[in-house]
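Notes for the one structure printed next.
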Amino acid sequence: MARQRVPEGPPPAPAVQKVSVRYAKRGRLRFSSTRDFQRALERAVRRAGVPMAFSAGFHPHPRISYANAAPTGTASESEYFQLQLTQVCDVEKLREALDESLPTDLAVLRVVEAAPGALADLLQASVWQLDFEGIPLETLTEAVDAFMTRTELLVTRMTKSGVREFDVRQAVLTSDVVGVRSDAGGEIARWTMTIQHTTPAVRPNDVLKGIGELTELVVPRPPLMTRLAQGTLEPGNTVGDPFEQ
């Protein structure tokens, strides 16, 4: 029987602390992908001297887990990941060290001791803000109203397993359209919605695709999308803080 190969040297140090981290993705870095952020974070933990725990085997990697990242091209104030550490660290000092080591538009907002269970299970819904330029408020309001009066609206999307058809209407729990002023002084039509996390995941772009097919709404330029919150689904279709559960 062939002898099983094992890595040389001592085994990796065990993890003694697990922390959950909330961060924001802003400005031009909304165009960064999940893989881009992973690379930036791995550099940041080395730069900050974070005592990371590593996996065993011939190709050890830092024990970092990511949960429900926002799509490329969207900003977010509510992204999450978890770190496993070989030393117990002060969570506020860890937050400061990570925040200083990441690019300016990636802001570490909060670090807490990880609660038992899977963080991903607490991310049940998101609040999204979509800012539209070049669309009259009345036009967007009428299109959204037509969408919200539906009980079902099917769209198709290419997934890893092929083309999938799914309902986008039931995932949208709350909706509000208002007019606001942009930083440049122009008019913006702002749509804020709460989307329940489903399988497959319904994204704001899926909702826009469905509305376009339903109402022939023409969007001259993609809206600026920002995830304002992500967490537990609470009574009244509000979104709770997963760190407070």
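By convention here, the chains of the structure tokens are called A, B, ... in the order presented, each chain's residues are numbered starting at 1, and ligands are numbered starting at 1 in the order presented.
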Sorted by chain and rising residue number, list the residues of segment 98-158 of chain A at most 10 Å from segment 39-54 of chain A (counting only C-alpha atoms), each with its closest atom pair and distance in Å to one decimal, as CSV.
residue,atom,partner,partner_atom,distance
A:Leu98,CA,A:Ala48,CA,6.2
A:Asp99,CA,A:Ala44,CA,8.6
A:Glu100,CA,A:Ala48,CA,8.0
A:Ser101,CA,A:Ala44,CA,4.9
A:Leu102,CA,A:Ala44,CA,5.7
A:Pro103,CA,A:Ala40,CA,8.1
A:Leu106,CA,A:Ala40,CA,9.5
Give me the segment 220-242 of chain A side of the contact with segment 113-135 of chain A, cut-off 6 Å, one line per residue showing its nearest atom pair and distance in Å at one decimal, counting only C-alpha atoms, sorted by chain and residue number, as JSON lines.
{"residue": "A:Pro223", "atom": "CA", "partner": "A:Phe132", "partner_atom": "CA", "distance": 4.7}
{"residue": "A:Leu224", "atom": "CA", "partner": "A:Asp131", "partner_atom": "CA", "distance": 5.1}
{"residue": "A:Met225", "atom": "CA", "partner": "A:Leu130", "partner_atom": "CA", "distance": 4.6}
{"residue": "A:Thr226", "atom": "CA", "partner": "A:Gln129", "partner_atom": "CA", "distance": 5.2}
{"residue": "A:Arg227", "atom": "CA", "partner": "A:Trp128", "partner_atom": "CA", "distance": 4.5}
{"residue": "A:Leu228", "atom": "CA", "partner": "A:Val127", "partner_atom": "CA", "distance": 5.5}
{"residue": "A:Ala229", "atom": "CA", "partner": "A:Val127", "partner_atom": "CA", "distance": 5.1}
{"residue": "A:Gln230", "atom": "CA", "partner": "A:Ser126", "partner_atom": "CA", "distance": 4.3}
{"residue": "A:Gly231", "atom": "CA", "partner": "A:Leu123", "partner_atom": "CA", "distance": 4.2}
{"residue": "A:Thr232", "atom": "CA", "partner": "A:Gln124", "partner_atom": "CA", "distance": 5.0}
{"residue": "A:Leu233", "atom": "CA", "partner": "A:Gln124", "partner_atom": "CA", "distance": 5.7}
{"residue": "A:Pro242", "atom": "CA", "partner": "A:Leu122", "partner_atom": "CA", "distance": 5.7}
Inset, instruction - For atom CA of Gly212 of chain A and atom CA of Ala75 of chain A, determine how far apart the two atoms are, in Å to one decimal place. - result: 22.5 Å
Legend entry - Residues within 9 Å of Gln17 of chain A, only C-alpha atoms, excluding chain neighbours under 5 positions, as a PyMOL selection string: chain A and resi 83-89+113-114
With N, CA and C atoms retained, could you export that selection as a PDB file, in the first residue's frame?
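Contents of again.pdb, freshly written:
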ATOM      1  N   LEU A  83     -12.959  35.720  10.398  1.00  0.00           N
ATOM      2  CA  LEU A  83     -11.555  35.362  10.519  1.00  0.00           C
ATOM      3  C   LEU A  83     -11.377  34.418  11.702  1.00  0.00           C
ATOM      4  N   GLN A  84     -10.477  33.444  11.549  1.00  0.00           N
ATOM      5  CA  GLN A  84     -10.068  32.604  12.667  1.00  0.00           C
ATOM      6  C   GLN A  84      -8.626  32.952  13.014  1.00  0.00           C
ATOM      7  N   LEU A  85      -8.369  33.168  14.303  1.00  0.00           N
ATOM      8  CA  LEU A  85      -7.090  33.701  14.766  1.00  0.00           C
ATOM      9  C   LEU A  85      -6.415  32.726  15.734  1.00  0.00           C
ATOM     10  N   THR A  86      -5.086  32.789  15.763  1.00  0.00           N
ATOM     11  CA  THR A  86      -4.319  31.924  16.662  1.00  0.00           C
ATOM     12  C   THR A  86      -4.027  32.599  17.994  1.00  0.00           C
ATOM     13  N   GLN A  87      -4.383  33.873  18.126  1.00  0.00           N
ATOM     14  CA  GLN A  87      -4.253  34.586  19.388  1.00  0.00           C
ATOM     15  C   GLN A  87      -5.526  35.388  19.621  1.00  0.00           C
ATOM     16  N   VAL A  88      -5.877  35.582  20.868  1.00  0.00           N
ATOM     17  CA  VAL A  88      -7.052  36.385  21.191  1.00  0.00           C
ATOM     18  C   VAL A  88      -6.695  37.860  21.032  1.00  0.00           C
ATOM     19  N   CYS A  89      -7.471  38.561  20.212  1.00  0.00           N
ATOM     20  CA  CYS A  89      -7.191  39.972  19.913  1.00  0.00           C
ATOM     21  C   CYS A  89      -8.319  40.857  20.419  1.00  0.00           C
ATOM     22  N   GLU A 113     -16.849  39.378  18.365  1.00  0.00           N
ATOM     23  CA  GLU A 113     -16.645  37.955  18.581  1.00  0.00           C
ATOM     24  C   GLU A 113     -17.738  37.197  17.841  1.00  0.00           C
ATOM     25  N   ALA A 114     -17.363  36.188  17.089  1.00  0.00           N
ATOM     26  CA  ALA A 114     -18.344  35.441  16.309  1.00  0.00           C
ATOM     27  C   ALA A 114     -19.276  34.659  17.227  1.00  0.00           C
TER      28      ALA A 114
END
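With only C-alpha atoms as the atoms that count, the minimum distance from Thr141 of chain A to the choices A:Asn68, A:Thr238, A:Thr104, A:Thr192 is reached by A:Thr192.
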Inset, instruction - Fewer than 3 positions away in the same chain doesn't count, so skip those; otherwise give me all residues within 8 Å of Thr198 of chain A, counting only C-alpha atoms, as a PyMOL selection string. - result: chain A and resi 171+201-202
Inset, instruction - Pick out the residues sitting within 8 Å of segment 207-210 of chain A, and hand them over as a ChimeraX atom specification; count only C-alpha atoms, and ignore anything fewer than 2 positions along from it in its own chain. - result: /A:153-155,168-169,202-205,212-214
Pull N, CA and C atoms from the residues just selected and write them as a PDB file, in the first residue's frame.
ATOM      1  N   LEU A 153     -43.734  37.393 -11.102  1.00  0.00           N
ATOM      2  CA  LEU A 153     -43.099  37.876 -12.317  1.00  0.00           C
ATOM      3  C   LEU A 153     -41.849  37.037 -12.544  1.00  0.00           C
ATOM      4  N   LEU A 154     -41.860  36.244 -13.602  1.00  0.00           N
ATOM      5  CA  LEU A 154     -40.774  35.323 -13.882  1.00  0.00           C
ATOM      6  C   LEU A 154     -39.739  35.971 -14.792  1.00  0.00           C
ATOM      7  N   VAL A 155     -38.472  35.739 -14.476  1.00  0.00           N
ATOM      8  CA  VAL A 155     -37.364  36.161 -15.332  1.00  0.00           C
ATOM      9  C   VAL A 155     -36.422  34.975 -15.491  1.00  0.00           C
ATOM     10  N   VAL A 168     -39.219  36.908  -9.384  1.00  0.00           N
ATOM     11  CA  VAL A 168     -38.574  38.019  -8.699  1.00  0.00           C
ATOM     12  C   VAL A 168     -39.547  38.816  -7.845  1.00  0.00           C
ATOM     13  N   ARG A 169     -40.835  38.701  -8.115  1.00  0.00           N
ATOM     14  CA  ARG A 169     -41.798  39.534  -7.399  1.00  0.00           C
ATOM     15  C   ARG A 169     -41.905  39.158  -5.926  1.00  0.00           C
ATOM     16  N   VAL A 202     -32.178  36.447  -5.778  1.00  0.00           N
ATOM     17  CA  VAL A 202     -32.746  37.507  -6.607  1.00  0.00           C
ATOM     18  C   VAL A 202     -31.923  38.772  -6.387  1.00  0.00           C
ATOM     19  N   ARG A 203     -31.387  39.314  -7.468  1.00  0.00           N
ATOM     20  CA  ARG A 203     -30.566  40.511  -7.405  1.00  0.00           C
ATOM     21  C   ARG A 203     -31.357  41.715  -7.910  1.00  0.00           C
ATOM     22  N   PRO A 204     -30.935  42.928  -7.546  1.00  0.00           N
ATOM     23  CA  PRO A 204     -31.622  44.106  -8.088  1.00  0.00           C
ATOM     24  C   PRO A 204     -31.676  44.116  -9.605  1.00  0.00           C
ATOM     25  N   ASN A 205     -30.620  43.659 -10.273  1.00  0.00           N
ATOM     26  CA  ASN A 205     -30.640  43.616 -11.741  1.00  0.00           C
ATOM     27  C   ASN A 205     -31.712  42.675 -12.271  1.00  0.00           C
ATOM     28  N   GLY A 212     -38.505  45.840 -16.760  1.00  0.00           N
ATOM     29  CA  GLY A 212     -38.345  46.242 -18.159  1.00  0.00           C
ATOM     30  C   GLY A 212     -39.194  45.409 -19.092  1.00  0.00           C
ATOM     31  N   GLU A 213     -39.275  44.104 -18.832  1.00  0.00           N
ATOM     32  CA  GLU A 213     -40.095  43.229 -19.676  1.00  0.00           C
ATOM     33  C   GLU A 213     -41.574  43.465 -19.444  1.00  0.00           C
ATOM     34  N   LEU A 214     -41.929  43.846 -18.221  1.00  0.00           N
ATOM     35  CA  LEU A 214     -43.337  44.062 -17.887  1.00  0.00           C
ATOM     36  C   LEU A 214     -43.855  45.402 -18.398  1.00  0.00           C
TER      37      LEU A 214
END
Legend entry - All helix (DSSP H, G or I) positions in segment 12-112 of chain A, as a ChimeraX atom specification: /A:27-31,34-47,91-101
Inset, instruction - Return the single residue from A:Val21, A:Leu94, A:Val177, A:Ala13 that is closest to Leu140 of chain A, with distances computed using only C-alpha atoms. - result: A:Val177
Inset, instruction - Pick out the closest residue to Pro11 of chain A from this set: A:Ala56, A:Ala146, A:Ala189, A:Val218. Count only C-alpha atoms. - result: A:Ala56
Inset, instruction - Can you work out which one of A:Gln170, A:Thr149, A:Thr215, A:Ser20 has the shortest atom-to-atom distance to Glu92 of chain A, counting only C-alpha atoms? - result: A:Ser20
